[in-house]
Amino acid sequence: MPTPRPPHSRATMSEIAAEAGVSVPTVSKVLNGRRDVAPATRERVEALLRARSYLPRRTPPARTAGLIDVVFVDLGSPWAMQILAGVEEVAHRAGTGVVVSAVHGRTRTAPDRRWLEHLAARRSDGVLLVLSELAADQRERLADLGIPVVVVDPAGQPDPSVPSVGATNWTGALTATEHLIGLGHRRIAVIGGPGDVLCARARVDGYRAAMHAAGLDVPAGYERTGDFTSPTGHRETLALLDLPEPPTAIFACADEMARGAYEALHERGLRVPDDLSVVGFDDLEQARWSIPPLTTVRQPLTEMAGLATRMLLSLAAGETLDSTRLELATPLVVRSSTTPPGNVSMSFERRRP
């Protein structure tokens with residue numbers, strides 16, 4: 001039973017949402033007269049708003065800024081550039097400006113509080129979160145301001161009430177591992193991303209599913225953890241090569257980590273794919289120009305960003321989305337970095353330092 005409130009105290013949106021059994025964004029939609037709320041839900045929320053004498057902190061400003069905010073975890077990667085290309089293309093056609101921010105703060109996925117105050121001051125029309133997330137109070141503040149949010153490649157399990165665009169990470173990883181198994185590899189290692197990031201977990205789970213379906217064990221030390229960057233791909237590949245029985249193939253869950261794997265193999269005098277096959281994930285432009293060109297899973301980053309931007313602009317215009325959770329396909333692109341294992345173990349013994 002809720003704790004009685006002092007006389008004349010103001011209910012919060014979180015309290016209204018909890019009593020109504022809905023999310024904070026749903027309460028915000030009712031307050032802002034949005035049409036994409038079921039009639040029964042709207043009636044229940046409105047009754048609670050009247051009973052609690054709720055008044056919003058401020059009337060959401062007219063959306064005249066012509067700006068959207070894009071928040072990244074990492075702005076310096078080729079991955080971010082492909083996302084920005086998709087956002088810019090759609091925003092330019094719509095006559096909308098783009099403000100780009102990078103995450104700063106105590107966590108690797110949540111923007112700090114100053115970002116939110118700057119956002120409110122410039123009255124942005126919407127927020128696109130890229131592989132990042134908001135704290136609960138930040139979500140409530142945005143809902144209070146009437147600023148819609150769309151997430152690209154959610155860092156965590158997405159809130160069903162927050163629209164998101166992702167990719168079939170699990171399926172892509174499954175396909176990549178099945179490709180190596182089909183070539184005859186049995187000793188297949190994986191270099192995953194951060195364990196707190198949803199797409200990283202999905203890719204490692206896809207790898208495990210393919211290995212299990214083929215009746216293959218994953219030896220101790222074959223599952224490594226990186227952070228989607230080249231240095232961690234380099235570090236973890238060296239660790240794999242130092243195992244008593246090193247793998248004959250590596251599935252790196254990001255092209256940047258695959259690049260680090262190439263560097264580590266070169267340092268050890270090993271060749272791709274003659275001595276060890278490598279598969280990446282993302283299909284960044286550099287994958288085509290690697291030597292040899294990298295077999296990888298294509299994540300349609302530009303298309304994902306463009307779709308998310310169109311969804312955000314529709315929400316800012318007060319329109320209703322047909323779907324709030326979309327995933328785009330991740331096909332395997334086979335190039336020259338994978339081959340049957342052959343005499344890989346003999347090559348290792350000849351080149352082991």
# chains A, B, ... in the order shown; residues from 1 in each chain; ligands from 1
$ residues_around --residues "range 328-336 of chain A" --least-positions-apart "4" --cutoff "6 Å" --atoms "only C-alpha atoms" --output "ChimeraX atom specification"
/A:167-168,172,292-299
$ write_last_selection --atoms "N, CA and C atoms" --output "mmCIF file, in the first residue's frame"
data_model
loop_
_atom_site.group_PDB
_atom_site.id
_atom_site.type_symbol
_atom_site.label_atom_id
_atom_site.label_comp_id
_atom_site.auth_asym_id
_atom_site.auth_seq_id
_atom_site.Cartn_x
_atom_site.Cartn_y
_atom_site.Cartn_z
ATOM 1 N N ALA A 167 20.046 -5.082 -34.119
ATOM 2 C CA ALA A 167 20.405 -6.036 -35.169
ATOM 3 C C ALA A 167 20.297 -7.442 -34.597
ATOM 4 N N THR A 168 20.242 -8.428 -35.462
ATOM 5 C CA THR A 168 20.124 -9.816 -35.018
ATOM 6 C C THR A 168 21.516 -10.327 -34.617
ATOM 7 N N GLY A 172 23.591 -13.528 -36.116
ATOM 8 C CA GLY A 172 24.825 -13.249 -36.833
ATOM 9 C C GLY A 172 25.994 -14.031 -36.273
ATOM 10 N N PRO A 292 44.631 -10.451 -45.205
ATOM 11 C CA PRO A 292 43.645 -10.584 -46.282
ATOM 12 C C PRO A 292 42.305 -9.949 -45.885
ATOM 13 N N PRO A 293 41.424 -9.676 -46.865
ATOM 14 C CA PRO A 293 40.103 -9.134 -46.541
ATOM 15 C C PRO A 293 39.381 -10.020 -45.527
ATOM 16 N N LEU A 294 38.714 -9.363 -44.580
ATOM 17 C CA LEU A 294 38.150 -10.050 -43.416
ATOM 18 C C LEU A 294 36.759 -10.624 -43.693
ATOM 19 N N THR A 295 36.595 -11.911 -43.400
ATOM 20 C CA THR A 295 35.258 -12.502 -43.338
ATOM 21 C C THR A 295 34.579 -11.955 -42.085
ATOM 22 N N THR A 296 33.363 -11.452 -42.228
ATOM 23 C CA THR A 296 32.724 -10.789 -41.090
ATOM 24 C C THR A 296 31.210 -10.830 -41.212
ATOM 25 N N VAL A 297 30.550 -10.537 -40.124
ATOM 26 C CA VAL A 297 29.089 -10.419 -40.102
ATOM 27 C C VAL A 297 28.737 -8.962 -40.347
ATOM 28 N N ARG A 298 27.878 -8.718 -41.322
ATOM 29 C CA ARG A 298 27.517 -7.339 -41.641
ATOM 30 C C ARG A 298 26.417 -6.856 -40.706
ATOM 31 N N GLN A 299 26.744 -5.843 -39.908
ATOM 32 C CA GLN A 299 25.742 -5.152 -39.101
ATOM 33 C C GLN A 299 25.368 -3.880 -39.867
#
$ select_by_dssp --residues "range 262-297 of chain A" --states "alpha helix (DSSP H)" --output "MDAnalysis selection string"
chainID A and resid 262:267 285:289
$ write_last_selection --atoms "C-alpha atoms" --output "tab-separated table (two decimals), in the first residue's frame"
chain	number	residue	atom	x	y	z
A	262	TYR	CA	45.64	-9.80	-37.12
A	263	GLU	CA	48.36	-7.74	-35.44
A	264	ALA	CA	48.97	-10.36	-32.75
A	265	LEU	CA	49.23	-13.14	-35.32
A	266	HIS	CA	51.66	-11.11	-37.40
A	267	GLU	CA	53.84	-10.56	-34.31
A	285	GLU	CA	34.90	-0.43	-44.42
A	286	GLN	CA	38.34	-1.42	-43.15
A	287	ALA	CA	37.28	-5.09	-43.28
A	288	ARG	CA	37.40	-5.02	-47.08
A	289	TRP	CA	40.87	-3.49	-47.13
$ select_by_dssp --residues "range 6-175 of chain A" --states "strand (DSSP E or B)" --output "list in words"
Leu67, Ile68, Asp69, Val70, Val71, Phe72, Gly97, Val98, Val99, Val100, Ser101, Ala102, Gly126, Val127, Leu128, Leu129, Val130, Val149, Val150, Val151, Val152, Ser164, Val165, Gly166 and Ala167 of chain A
$ closest_residue --among "A:Ser277, A:Thr177, A:Ser290, A:Thr302" --to "Leu216 in chain A" --atoms "only C-alpha atoms"
A:Thr177
$ closest_residue --among "A:Leu142, A:Arg259, A:Glu245, A:Gly97" --to "Glu117 in chain A" --atoms "only C-alpha atoms"
A:Leu142
$ atom_distance --atom1 "CA of Asp274 in chain A" --atom2 "CA of Pro341 in chain A"
7.7 Å
$ residues_around --residues "Val27 in chain A" --least-positions-apart "3" --cutoff "8 Å" --atoms "only C-alpha atoms" --output "list in words"
Met13, Ile16, Ala17, Val22, Ser23, Val24, Val30, Leu31 and Val45 of chain A
$ closest_residue --among "A:Arg113, A:Arg50, A:Arg201, A:His234" --to "Met257 in chain A" --atoms "only C-alpha atoms"
A:His234
$ closest_residue --among "A:Glu327, A:Asp137, A:Asp125, A:Asp74" --to "Ser14 in chain A" --atoms "only C-alpha atoms"
A:Asp137
$ residues_around --residues "range 182-196 of chain A" --least-positions-apart "2" --cutoff "7 Å" --atoms "only C-alpha atoms" --output "list in words"
Glu178, His179, Leu180, Leu198, Ala200, Arg201, Val204, Leu216, Tyr222, Glu223, Arg224, Thr225, Gly226, Asp227, Phe228, Pro247, Thr248, Ala249, Ile250, Phe251, Ala252, Cys253, Thr339, Pro340 and Pro341 of chain A
$ write_last_selection --atoms "C-alpha atoms" --output "PDB file, in the first residue's frame"
ATOM      1  CA  GLU A 178      28.642 -22.263 -38.159  1.00  0.00           C
ATOM      2  CA  HIS A 179      30.750 -21.017 -41.078  1.00  0.00           C
ATOM      3  CA  LEU A 180      33.949 -21.964 -39.233  1.00  0.00           C
ATOM      4  CA  LEU A 198      23.393  -6.570 -24.572  1.00  0.00           C
ATOM      5  CA  ALA A 200      28.039  -8.433 -26.725  1.00  0.00           C
ATOM      6  CA  ARG A 201      26.218 -11.032 -24.633  1.00  0.00           C
ATOM      7  CA  VAL A 204      28.787 -14.838 -27.338  1.00  0.00           C
ATOM      8  CA  LEU A 216      31.692 -29.268 -29.752  1.00  0.00           C
ATOM      9  CA  TYR A 222      38.599 -20.198 -25.286  1.00  0.00           C
ATOM     10  CA  GLU A 223      36.069 -17.542 -24.243  1.00  0.00           C
ATOM     11  CA  ARG A 224      37.845 -14.200 -23.887  1.00  0.00           C
ATOM     12  CA  THR A 225      36.488 -10.743 -23.019  1.00  0.00           C
ATOM     13  CA  GLY A 226      37.483  -7.512 -24.759  1.00  0.00           C
ATOM     14  CA  ASP A 227      35.867  -4.107 -25.184  1.00  0.00           C
ATOM     15  CA  PHE A 228      35.302  -3.969 -28.979  1.00  0.00           C
ATOM     16  CA  PRO A 247      42.515 -22.556 -31.417  1.00  0.00           C
ATOM     17  CA  THR A 248      42.560 -22.954 -35.183  1.00  0.00           C
ATOM     18  CA  ALA A 249      39.970 -20.177 -35.592  1.00  0.00           C
ATOM     19  CA  ILE A 250      38.886 -17.034 -33.739  1.00  0.00           C
ATOM     20  CA  PHE A 251      35.506 -15.349 -33.861  1.00  0.00           C
ATOM     21  CA  ALA A 252      36.132 -11.735 -32.816  1.00  0.00           C
ATOM     22  CA  CYS A 253      32.822 -10.080 -31.918  1.00  0.00           C
ATOM     23  CA  THR A 339      39.873 -21.497 -44.705  1.00  0.00           C
ATOM     24  CA  PRO A 340      39.805 -25.152 -43.593  1.00  0.00           C
ATOM     25  CA  PRO A 341      42.232 -25.816 -40.707  1.00  0.00           C
TER      26      PRO A 341
END
$ residues_around --residues "range 81-89 of chain A" --least-positions-apart "3" --cutoff "7 Å" --atoms "only C-alpha atoms" --output "PyMOL selection string"
chain A and resi 77-78+92-93+301-303+305-306+309
$ write_last_selection --atoms "C-alpha atoms" --output "PDB file, in the first residue's frame"
ATOM      1  CA  SER A  77      35.532   4.588 -33.794  1.00  0.00           C
ATOM      2  CA  PRO A  78      34.759   3.825 -37.467  1.00  0.00           C
ATOM      3  CA  HIS A  92      19.442  16.606 -43.583  1.00  0.00           C
ATOM      4  CA  ARG A  93      16.468  15.626 -45.733  1.00  0.00           C
ATOM      5  CA  LEU A 301      24.807   0.358 -38.985  1.00  0.00           C
ATOM      6  CA  THR A 302      23.928   3.136 -41.434  1.00  0.00           C
ATOM      7  CA  GLU A 303      20.504   1.638 -42.108  1.00  0.00           C
ATOM      8  CA  ALA A 305      20.722   4.770 -37.666  1.00  0.00           C
ATOM      9  CA  GLY A 306      18.596   6.076 -40.522  1.00  0.00           C
ATOM     10  CA  THR A 309      16.201   8.800 -36.903  1.00  0.00           C
TER      11      THR A 309
END
$ atom_distance --atom1 "CA of Phe72 in chain A" --atom2 "CA of Val99 in chain A"
11.0 Å
$ decode --residues "range 75-124 of chain A" --atoms "N, CA and C atoms" --output "PDB file, in the first residue's frame"
ATOM      1  N   LEU A  75      32.987   8.106 -29.665  1.00  0.00           N
ATOM      2  CA  LEU A  75      32.884   8.893 -30.894  1.00  0.00           C
ATOM      3  C   LEU A  75      34.039   8.654 -31.864  1.00  0.00           C
ATOM      4  N   GLY A  76      35.120   8.037 -31.394  1.00  0.00           N
ATOM      5  CA  GLY A  76      36.317   7.957 -32.212  1.00  0.00           C
ATOM      6  C   GLY A  76      36.414   6.729 -33.090  1.00  0.00           C
ATOM      7  N   SER A  77      35.426   5.848 -33.061  1.00  0.00           N
ATOM      8  CA  SER A  77      35.532   4.588 -33.794  1.00  0.00           C
ATOM      9  C   SER A  77      34.918   4.702 -35.185  1.00  0.00           C
ATOM     10  N   PRO A  78      35.391   3.874 -36.143  1.00  0.00           N
ATOM     11  CA  PRO A  78      34.759   3.825 -37.467  1.00  0.00           C
ATOM     12  C   PRO A  78      33.285   3.440 -37.366  1.00  0.00           C
ATOM     13  N   TRP A  79      32.946   2.652 -36.354  1.00  0.00           N
ATOM     14  CA  TRP A  79      31.561   2.243 -36.108  1.00  0.00           C
ATOM     15  C   TRP A  79      30.677   3.479 -35.903  1.00  0.00           C
ATOM     16  N   ALA A  80      31.154   4.430 -35.103  1.00  0.00           N
ATOM     17  CA  ALA A  80      30.380   5.648 -34.842  1.00  0.00           C
ATOM     18  C   ALA A  80      30.201   6.468 -36.107  1.00  0.00           C
ATOM     19  N   MET A  81      31.202   6.473 -36.977  1.00  0.00           N
ATOM     20  CA  MET A  81      31.104   7.247 -38.211  1.00  0.00           C
ATOM     21  C   MET A  81      29.999   6.704 -39.117  1.00  0.00           C
ATOM     22  N   GLN A  82      29.838   5.381 -39.148  1.00  0.00           N
ATOM     23  CA  GLN A  82      28.770   4.803 -39.971  1.00  0.00           C
ATOM     24  C   GLN A  82      27.398   5.146 -39.400  1.00  0.00           C
ATOM     25  N   ILE A  83      27.286   5.149 -38.076  1.00  0.00           N
ATOM     26  CA  ILE A  83      26.028   5.555 -37.442  1.00  0.00           C
ATOM     27  C   ILE A  83      25.708   7.005 -37.789  1.00  0.00           C
ATOM     28  N   LEU A  84      26.700   7.882 -37.648  1.00  0.00           N
ATOM     29  CA  LEU A  84      26.478   9.300 -37.929  1.00  0.00           C
ATOM     30  C   LEU A  84      26.073   9.541 -39.372  1.00  0.00           C
ATOM     31  N   ALA A  85      26.632   8.761 -40.295  1.00  0.00           N
ATOM     32  CA  ALA A  85      26.271   8.912 -41.706  1.00  0.00           C
ATOM     33  C   ALA A  85      24.783   8.652 -41.907  1.00  0.00           C
ATOM     34  N   GLY A  86      24.258   7.624 -41.241  1.00  0.00           N
ATOM     35  CA  GLY A  86      22.832   7.322 -41.362  1.00  0.00           C
ATOM     36  C   GLY A  86      21.958   8.386 -40.740  1.00  0.00           C
ATOM     37  N   VAL A  87      22.373   8.913 -39.576  1.00  0.00           N
ATOM     38  CA  VAL A  87      21.609   9.976 -38.914  1.00  0.00           C
ATOM     39  C   VAL A  87      21.596  11.238 -39.767  1.00  0.00           C
ATOM     40  N   GLU A  88      22.771  11.641 -40.238  1.00  0.00           N
ATOM     41  CA  GLU A  88      22.897  12.881 -41.006  1.00  0.00           C
ATOM     42  C   GLU A  88      22.083  12.847 -42.291  1.00  0.00           C
ATOM     43  N   GLU A  89      22.079  11.702 -42.958  1.00  0.00           N
ATOM     44  CA  GLU A  89      21.343  11.606 -44.222  1.00  0.00           C
ATOM     45  C   GLU A  89      19.860  11.878 -44.026  1.00  0.00           C
ATOM     46  N   VAL A  90      19.267  11.245 -43.025  1.00  0.00           N
ATOM     47  CA  VAL A  90      17.828  11.413 -42.774  1.00  0.00           C
ATOM     48  C   VAL A  90      17.546  12.800 -42.206  1.00  0.00           C
ATOM     49  N   ALA A  91      18.368  13.266 -41.255  1.00  0.00           N
ATOM     50  CA  ALA A  91      18.148  14.572 -40.639  1.00  0.00           C
ATOM     51  C   ALA A  91      18.284  15.695 -41.664  1.00  0.00           C
ATOM     52  N   HIS A  92      19.247  15.571 -42.559  1.00  0.00           N
ATOM     53  CA  HIS A  92      19.442  16.606 -43.583  1.00  0.00           C
ATOM     54  C   HIS A  92      18.209  16.724 -44.473  1.00  0.00           C
ATOM     55  N   ARG A  93      17.666  15.589 -44.883  1.00  0.00           N
ATOM     56  CA  ARG A  93      16.468  15.626 -45.733  1.00  0.00           C
ATOM     57  C   ARG A  93      15.288  16.260 -44.998  1.00  0.00           C
ATOM     58  N   ALA A  94      15.256  16.097 -43.672  1.00  0.00           N
ATOM     59  CA  ALA A  94      14.157  16.651 -42.876  1.00  0.00           C
ATOM     60  C   ALA A  94      14.415  18.088 -42.448  1.00  0.00           C
ATOM     61  N   GLY A  95      15.588  18.638 -42.780  1.00  0.00           N
ATOM     62  CA  GLY A  95      15.921  19.992 -42.361  1.00  0.00           C
ATOM     63  C   GLY A  95      16.185  20.101 -40.879  1.00  0.00           C
ATOM     64  N   THR A  96      16.683  19.036 -40.282  1.00  0.00           N
ATOM     65  CA  THR A  96      16.930  18.987 -38.837  1.00  0.00           C
ATOM     66  C   THR A  96      18.427  18.963 -38.551  1.00  0.00           C
ATOM     67  N   GLY A  97      18.876  19.750 -37.588  1.00  0.00           N
ATOM     68  CA  GLY A  97      20.270  19.740 -37.178  1.00  0.00           C
ATOM     69  C   GLY A  97      20.553  18.609 -36.209  1.00  0.00           C
ATOM     70  N   VAL A  98      21.829  18.259 -36.073  1.00  0.00           N
ATOM     71  CA  VAL A  98      22.238  17.151 -35.209  1.00  0.00           C
ATOM     72  C   VAL A  98      23.290  17.646 -34.214  1.00  0.00           C
ATOM     73  N   VAL A  99      23.041  17.427 -32.926  1.00  0.00           N
ATOM     74  CA  VAL A  99      24.008  17.730 -31.866  1.00  0.00           C
ATOM     75  C   VAL A  99      24.569  16.406 -31.371  1.00  0.00           C
ATOM     76  N   VAL A 100      25.889  16.242 -31.434  1.00  0.00           N
ATOM     77  CA  VAL A 100      26.530  14.976 -31.084  1.00  0.00           C
ATOM     78  C   VAL A 100      27.230  15.101 -29.736  1.00  0.00           C
ATOM     79  N   SER A 101      26.997  14.129 -28.859  1.00  0.00           N
ATOM     80  CA  SER A 101      27.626  14.102 -27.539  1.00  0.00           C
ATOM     81  C   SER A 101      28.259  12.744 -27.302  1.00  0.00           C
ATOM     82  N   ALA A 102      29.292  12.719 -26.463  1.00  0.00           N
ATOM     83  CA  ALA A 102      29.905  11.471 -26.020  1.00  0.00           C
ATOM     84  C   ALA A 102      29.614  11.283 -24.543  1.00  0.00           C
ATOM     85  N   VAL A 103      29.520  10.033 -24.127  1.00  0.00           N
ATOM     86  CA  VAL A 103      29.243   9.728 -22.732  1.00  0.00           C
ATOM     87  C   VAL A 103      30.415  10.145 -21.865  1.00  0.00           C
ATOM     88  N   HIS A 104      30.122  10.863 -20.795  1.00  0.00           N
ATOM     89  CA  HIS A 104      31.118  11.184 -19.773  1.00  0.00           C
ATOM     90  C   HIS A 104      30.472  10.927 -18.420  1.00  0.00           C
ATOM     91  N   GLY A 105      31.196  10.345 -17.536  1.00  0.00           N
ATOM     92  CA  GLY A 105      30.628  10.094 -16.208  1.00  0.00           C
ATOM     93  C   GLY A 105      31.173   8.824 -15.601  1.00  0.00           C
ATOM     94  N   ARG A 106      30.514   8.361 -14.543  1.00  0.00           N
ATOM     95  CA  ARG A 106      31.045   7.231 -13.778  1.00  0.00           C
ATOM     96  C   ARG A 106      30.805   5.899 -14.463  1.00  0.00           C
ATOM     97  N   THR A 107      29.779   5.811 -15.316  1.00  0.00           N
ATOM     98  CA  THR A 107      29.522   4.558 -16.010  1.00  0.00           C
ATOM     99  C   THR A 107      29.874   4.718 -17.474  1.00  0.00           C
ATOM    100  N   ARG A 108      30.076   3.601 -18.151  1.00  0.00           N
ATOM    101  CA  ARG A 108      30.511   3.645 -19.542  1.00  0.00           C
ATOM    102  C   ARG A 108      29.338   3.801 -20.505  1.00  0.00           C
ATOM    103  N   THR A 109      28.094   3.705 -20.002  1.00  0.00           N
ATOM    104  CA  THR A 109      26.965   3.764 -20.924  1.00  0.00           C
ATOM    105  C   THR A 109      25.981   4.887 -20.657  1.00  0.00           C
ATOM    106  N   ALA A 110      26.069   5.575 -19.537  1.00  0.00           N
ATOM    107  CA  ALA A 110      25.081   6.599 -19.206  1.00  0.00           C
ATOM    108  C   ALA A 110      25.691   8.000 -19.257  1.00  0.00           C
ATOM    109  N   PRO A 111      25.048   8.946 -19.973  1.00  0.00           N
ATOM    110  CA  PRO A 111      25.560  10.319 -19.983  1.00  0.00           C
ATOM    111  C   PRO A 111      25.393  10.978 -18.626  1.00  0.00           C
ATOM    112  N   ASP A 112      26.219  11.987 -18.371  1.00  0.00           N
ATOM    113  CA  ASP A 112      26.154  12.640 -17.066  1.00  0.00           C
ATOM    114  C   ASP A 112      24.998  13.633 -17.007  1.00  0.00           C
ATOM    115  N   ARG A 113      24.788  14.199 -15.829  1.00  0.00           N
ATOM    116  CA  ARG A 113      23.633  15.067 -15.595  1.00  0.00           C
ATOM    117  C   ARG A 113      23.732  16.388 -16.375  1.00  0.00           C
ATOM    118  N   ARG A 114      24.951  16.866 -16.591  1.00  0.00           N
ATOM    119  CA  ARG A 114      25.099  18.137 -17.305  1.00  0.00           C
ATOM    120  C   ARG A 114      24.537  18.056 -18.715  1.00  0.00           C
ATOM    121  N   TRP A 115      24.726  16.881 -19.328  1.00  0.00           N
ATOM    122  CA  TRP A 115      24.193  16.700 -20.679  1.00  0.00           C
ATOM    123  C   TRP A 115      22.681  16.947 -20.706  1.00  0.00           C
ATOM    124  N   LEU A 116      21.977  16.431 -19.715  1.00  0.00           N
ATOM    125  CA  LEU A 116      20.526  16.573 -19.676  1.00  0.00           C
ATOM    126  C   LEU A 116      20.116  18.032 -19.521  1.00  0.00           C
ATOM    127  N   GLU A 117      20.833  18.789 -18.727  1.00  0.00           N
ATOM    128  CA  GLU A 117      20.495  20.201 -18.559  1.00  0.00           C
ATOM    129  C   GLU A 117      20.765  20.987 -19.845  1.00  0.00           C
ATOM    130  N   HIS A 118      21.854  20.674 -20.521  1.00  0.00           N
ATOM    131  CA  HIS A 118      22.120  21.330 -21.813  1.00  0.00           C
ATOM    132  C   HIS A 118      21.028  20.987 -22.824  1.00  0.00           C
ATOM    133  N   LEU A 119      20.593  19.748 -22.804  1.00  0.00           N
ATOM    134  CA  LEU A 119      19.533  19.302 -23.709  1.00  0.00           C
ATOM    135  C   LEU A 119      18.252  20.093 -23.466  1.00  0.00           C
ATOM    136  N   ALA A 120      17.880  20.237 -22.190  1.00  0.00           N
ATOM    137  CA  ALA A 120      16.667  20.975 -21.863  1.00  0.00           C
ATOM    138  C   ALA A 120      16.786  22.436 -22.281  1.00  0.00           C
ATOM    139  N   ALA A 121      17.981  23.004 -22.130  1.00  0.00           N
ATOM    140  CA  ALA A 121      18.173  24.418 -22.464  1.00  0.00           C
ATOM    141  C   ALA A 121      18.037  24.673 -23.964  1.00  0.00           C
ATOM    142  N   ARG A 122      18.522  23.743 -24.780  1.00  0.00           N
ATOM    143  CA  ARG A 122      18.439  23.989 -26.228  1.00  0.00           C
ATOM    144  C   ARG A 122      17.148  23.450 -26.847  1.00  0.00           C
ATOM    145  N   ARG A 123      16.285  22.811 -26.007  1.00  0.00           N
ATOM    146  CA  ARG A 123      14.951  22.394 -26.440  1.00  0.00           C
ATOM    147  C   ARG A 123      15.008  21.479 -27.659  1.00  0.00           C
ATOM    148  N   SER A 124      15.860  20.468 -27.589  1.00  0.00           N
ATOM    149  CA  SER A 124      15.974  19.518 -28.691  1.00  0.00           C
ATOM    150  C   SER A 124      14.650  18.802 -28.930  1.00  0.00           C
TER     151      SER A 124
END
